[in-house]
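Only one structure is covered here, and it is reproduced in the block below.
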Amino acid sequence: MEAESEPYVRLATLRTLHRVVADLNAARSLAGTLQAVVEGAVHGLGFDAAAVSLVRPDGDLVVAAVWELEESPMGGPSVLLGQVGSRESWDRLLGVSDHWGTLRFLPYDRGWAVASDIPRWIGDGPLPVYANDWHPADGLLAPMYSAGGDLLGVLSVDRPRSGKRPGAWTREALEMFSLQASIAIGNARLRAEMQRALARLEKEQQALRASEESFRQAFEYAPSGMAITELHGAGRGQLTRVNDALCRLLGRPRAVLRQQSFADLVHPEDRALLERTSAESGRAELRLSRRDGGYQWVCLRNSIVADAAEGPSFLLTHVEDIEDRKRHELQLAHRASHDALTGLPNGAELKARLARRLCAEPQPVGAAPALTAEVGYPQPYAYPADSYSAHAAYEALEGVDPYPGPVHGYGALEGGPPPGLGAGYGEHVHAVVPAEYGPGGEAWSVPFRSGSAAPVEKGLAVLFCDLDGFKSINDRFGHNAGDSVLVEVARRLSAAVRDGDTVARLGGDEFVVLADGIGREEAKDLAHRLRNAIIPPMRIDGRAMRVGVSLGVGWAGCGMSIEEVLHTADERMYDEKRARGGAVRGARGERSHRRAG
C-alpha cells in the first residue's frame, strides 16, 4: 500500500475489496455480517485491528464485533466486546474529528475528545518519527448510515500495516467498503426482522391452529347443543354449523339443520321472544320443533364471536335441554292455578281469566266500542283449561309479563295469540251486558254499539252454581264420598259446556261457569243443561247419591270489578235458592254446609 499511485497496487486492492464485499453479502445473519465487516477491514484494507460499534434500539452504541490480525498478549481489542458508549459521546467524538470525506480521523493530540464511556483500546506501537507516521493513539472512524440517513454504527480501524497514516487511495477504499458494509448490515437487519416476524407468525399460526382445534373439540363433543349462525349477508340467521348433541336433541340430521335457522324451528308462539333476544349475551327459554312433530323446551344463550379487524363474525349459540325443568314448572303452575281435587281452574285462575277479559273502562250506552261493529265478539271467547294458564305460568316464572300490551284491552302481539286463544286475541272487544227486555217486549236495558242500530244481544255470562243437599252426603257418608261427588259434578259440568267455556271450582260446593259470546236466552238454556247434568243420581261407593243445584246467571261487563261480577251472580243464585226453599245464609252471609276442599 506504500506505492498507492502504482496501478498494479490499486488493481490488487480492488480485487481484495471485491472479495471482502462478496464475503459481506454471503453472510446469513447479522452477527455473521458484522464479523465479515471487521475481518474484511483487516484482511482487505491493510489494517491490523478493526471493531464495529452497532447502534442499539435505545440509541447507544455497543461493540458488536472485533478482529485483530495477530492476537495481542494483553487480550487486544477483543476486551471491548459488549461495552457500550452513549450516543451523545459518539456524536461529540465524530463532530470534533477531522473530516476525510465520509471518514473521521482523530489524531492522538486530540484524545481529550474521547469521553470516558466510549470503549477504547490503545495498543503498543512505535511512536511516530515523521509527521505522516501513525501514532498508537490515533483513530480512524467510518460512520455507517442507512439509506434513510440513520446512523447504523461506526467501523473503527487501527494500526495500518504500512505504519503511515492512510493515503487518498486507502481512504477511498475504506469509504467504499464502509458503504457496502452499511448496505450489508441493513440487509442483515432486515433479514433478521423478517425471520423474527416469520417466527412470530408461525407461532401465532400454531397457537391459532391449537385454539381452533380446542374450539372444534369443545364444540363437537359438548354434552349440550351448540350452533353457529351467520350474522351477515344473504345467509344471515342460517345455521352453518351444529354439533351432534343438538342433532340428537331435535332428532334431525346435521345436513337438514344446516339448511334451517332457529326462526324455522321455533314454536310460533315463541317467535316474537326469539326476535327480541339480543345477539350479544342474549338468553331465551323457548320451544324448538323436533323431527317427530313435537316441541322441545330449550334455553338459548348467545355470544358473538368477533374478529379483531372485521368485527362480529358469527353467532355462537348454546342450546340447553330444559324439558324436565319446564315440565316441573308446568306441574307447579297447574297446581297453583287448578283445584287439586277436581282438576278445574281454582278461584285465583277464575279471577285471572275475568281480569284478562274485562278492561277498566266501561262501555256506555251508544258509545264507541274498542273496535268497529264488524269485529264482533270472539265466538266463543276462549278460556282453555290448561294450555293458556300453563303458558302464563311459564312466563311469570321467567319474570316476563305473560299478557303484554295496552292496559285497555290486549293489543296485537308479534307471533300471534297465546295458545288456544284464536283470532280474537289481540283485538279487545268490550264486554257489555246484553240487552234485557220485559215480558211485553219493552226494552229495560238496551246498550248499543257505535255505528250499529242493533242492540247488543250477546255478552259474557257468569253462572254461579251451588250444590243442594251436599252437606247431608258429607254428614251421612263421610268426606271421601263427598269428594267423589264433587269430582263427578265437575266432570258433568265440563261435559255440558261448550268448548272454550270455563268451569271453575270457587271453593267448597260452589262452581262458576264463564260463557262468552252468548245471549240471555242462550244463558238460560245453558243453565238448564247444567241443572239437568247434575241432578241425575250418581253411583258412589256402590250407593246411589243425588244432589241438586241452585244456579244464578249474572253478566260481566267492562268497567265492573271482579268482586262485583261474582257477587252479582252469587246474589242471583241465592235468590233462586231462597225461592226454592234451599239453604239460607248466616249472619255473615256464609252457608253452613260449605266445606273447603
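FYI, nothing fancy with the C-alpha cells labels: chains A, B, ... in order, residues from 1 per chain, ligands from 1 as they appear.
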
Which of region 50-125 of chain A DSSP labels strand (DSSP E), written as an MDAnalysis selection string:
chainID A and resid 50:55 61:68 84:85 98:100 103:106

Region 453-562 of chain A: which residues are helix (DSSP H, G or I) by DSSP, as an NGL selection string?
:A and (470-477 or 479-496 or 520-534 or 562)

Write a file of the selected residues as a short mmCIF file (atom, residue, chain, number, x, y, z; two decimals), in the first residue's frame, keeping N, CA and C atoms.
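again.cif written:
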data_model
loop_
_atom_site.label_atom_id
_atom_site.label_comp_id
_atom_site.auth_asym_id
_atom_site.auth_seq_id
_atom_site.Cartn_x
_atom_site.Cartn_y
_atom_site.Cartn_z
N PHE A 470 -125.60 -31.28 49.48
CA PHE A 470 -124.25 -31.81 49.57
C PHE A 470 -123.83 -32.04 51.02
N LYS A 471 -124.29 -31.17 51.93
CA LYS A 471 -123.89 -31.29 53.33
C LYS A 471 -124.39 -32.61 53.92
N SER A 472 -125.58 -33.02 53.52
CA SER A 472 -126.13 -34.27 54.07
C SER A 472 -125.32 -35.48 53.61
N ILE A 473 -124.79 -35.42 52.40
CA ILE A 473 -123.94 -36.51 51.92
C ILE A 473 -122.66 -36.57 52.73
N ASN A 474 -122.08 -35.39 52.97
CA ASN A 474 -120.86 -35.34 53.78
C ASN A 474 -121.12 -35.90 55.18
N ASP A 475 -122.23 -35.46 55.77
CA ASP A 475 -122.53 -35.89 57.14
C ASP A 475 -122.85 -37.37 57.22
N ARG A 476 -123.54 -37.89 56.23
CA ARG A 476 -124.01 -39.28 56.29
C ARG A 476 -122.97 -40.29 55.83
N PHE A 477 -122.28 -39.98 54.72
CA PHE A 477 -121.38 -40.96 54.13
C PHE A 477 -119.90 -40.61 54.31
N HIS A 479 -116.49 -37.61 54.27
CA HIS A 479 -115.88 -36.65 53.33
C HIS A 479 -115.36 -37.31 52.06
N ASN A 480 -114.95 -38.58 52.15
CA ASN A 480 -114.48 -39.24 50.93
C ASN A 480 -115.59 -39.35 49.91
N ALA A 481 -116.78 -39.70 50.37
CA ALA A 481 -117.92 -39.76 49.46
C ALA A 481 -118.24 -38.37 48.93
N GLY A 482 -118.15 -37.38 49.82
CA GLY A 482 -118.41 -36.02 49.36
C GLY A 482 -117.42 -35.57 48.31
N ASP A 483 -116.15 -35.94 48.48
CA ASP A 483 -115.13 -35.58 47.47
C ASP A 483 -115.44 -36.25 46.14
N SER A 484 -115.87 -37.50 46.20
CA SER A 484 -116.21 -38.21 44.96
C SER A 484 -117.38 -37.53 44.25
N VAL A 485 -118.34 -37.04 45.03
CA VAL A 485 -119.47 -36.32 44.44
C VAL A 485 -118.98 -35.05 43.74
N LEU A 486 -118.07 -34.32 44.38
CA LEU A 486 -117.54 -33.09 43.77
C LEU A 486 -116.81 -33.39 42.47
N VAL A 487 -116.04 -34.48 42.44
CA VAL A 487 -115.32 -34.84 41.22
C VAL A 487 -116.31 -35.17 40.11
N GLU A 488 -117.36 -35.92 40.44
CA GLU A 488 -118.35 -36.27 39.42
C GLU A 488 -119.12 -35.05 38.93
N VAL A 489 -119.44 -34.13 39.85
CA VAL A 489 -120.12 -32.90 39.44
C VAL A 489 -119.23 -32.09 38.50
N ALA A 490 -117.94 -32.00 38.82
CA ALA A 490 -117.01 -31.27 37.96
C ALA A 490 -116.97 -31.89 36.57
N ARG A 491 -116.97 -33.22 36.50
CA ARG A 491 -116.94 -33.89 35.20
C ARG A 491 -118.20 -33.59 34.40
N ARG A 492 -119.35 -33.63 35.08
CA ARG A 492 -120.62 -33.39 34.38
C ARG A 492 -120.73 -31.95 33.90
N LEU A 493 -120.30 -31.01 34.72
CA LEU A 493 -120.34 -29.60 34.30
C LEU A 493 -119.44 -29.37 33.09
N SER A 494 -118.24 -29.95 33.11
CA SER A 494 -117.30 -29.77 31.99
C SER A 494 -117.85 -30.35 30.71
N ALA A 495 -118.60 -31.46 30.82
CA ALA A 495 -119.17 -32.08 29.63
C ALA A 495 -120.35 -31.30 29.09
N ALA A 496 -121.00 -30.49 29.92
CA ALA A 496 -122.22 -29.79 29.50
C ALA A 496 -121.93 -28.45 28.84
N ARG A 520 -129.02 -13.79 26.40
CA ARG A 520 -129.74 -14.13 27.63
C ARG A 520 -130.49 -15.46 27.50
N GLU A 521 -131.11 -15.71 26.36
CA GLU A 521 -131.82 -16.96 26.19
C GLU A 521 -130.86 -18.14 26.16
N GLU A 522 -129.73 -17.93 25.51
CA GLU A 522 -128.71 -18.99 25.47
C GLU A 522 -128.17 -19.28 26.86
N ALA A 523 -128.06 -18.22 27.68
CA ALA A 523 -127.59 -18.41 29.05
C ALA A 523 -128.60 -19.23 29.85
N LYS A 524 -129.89 -18.97 29.61
CA LYS A 524 -130.93 -19.77 30.30
C LYS A 524 -130.87 -21.23 29.87
N ASP A 525 -130.66 -21.45 28.56
CA ASP A 525 -130.54 -22.82 28.07
C ASP A 525 -129.32 -23.51 28.68
N LEU A 526 -128.21 -22.77 28.80
CA LEU A 526 -127.01 -23.34 29.40
C LEU A 526 -127.26 -23.70 30.86
N ALA A 527 -127.95 -22.82 31.58
CA ALA A 527 -128.26 -23.12 32.98
C ALA A 527 -129.13 -24.37 33.09
N HIS A 528 -130.06 -24.50 32.14
CA HIS A 528 -130.92 -25.67 32.14
C HIS A 528 -130.09 -26.94 31.88
N ARG A 529 -129.16 -26.88 30.96
CA ARG A 529 -128.33 -28.05 30.66
C ARG A 529 -127.47 -28.41 31.88
N LEU A 530 -126.95 -27.40 32.55
CA LEU A 530 -126.11 -27.67 33.71
C LEU A 530 -126.93 -28.34 34.82
N ARG A 531 -128.15 -27.84 35.03
CA ARG A 531 -129.01 -28.43 36.05
C ARG A 531 -129.33 -29.89 35.72
N ASN A 532 -129.69 -30.12 34.46
CA ASN A 532 -130.03 -31.48 34.04
C ASN A 532 -128.84 -32.43 34.10
N ALA A 533 -127.64 -31.85 33.95
CA ALA A 533 -126.44 -32.70 34.02
C ALA A 533 -126.14 -33.12 35.45
N ILE A 534 -126.52 -32.29 36.43
CA ILE A 534 -126.14 -32.56 37.81
C ILE A 534 -127.17 -33.42 38.54
N ILE A 562 -114.11 -7.53 39.47
CA ILE A 562 -114.31 -8.98 39.52
C ILE A 562 -115.21 -9.33 40.70
#

A:Ala284, A:Thr229, A:Val319, A:Cys558: which is nearest Leu250 (chain A), counting only C-alpha atoms?
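With only C-alpha atoms as the atom set, the closest residue is A:Val319.
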
Restricting the calculation to only C-alpha atoms, which member of A:Arg19, A:His338, A:Arg159, A:Arg353 is positioned closest to Ala50 (chain A)?
A:Arg159

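From CA of Ala115 (chain A) back to CA of Phe177 (chain A), the distance works out to 27.0 Å.
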
Find, counting only C-alpha atoms, the residue in A:Phe511, A:Phe219, A:Phe464, A:Trp169 that gets nearest to Leu45 (chain A).
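Among the listed residues, the smallest separation from Leu45 (chain A) belongs to A:Trp169.
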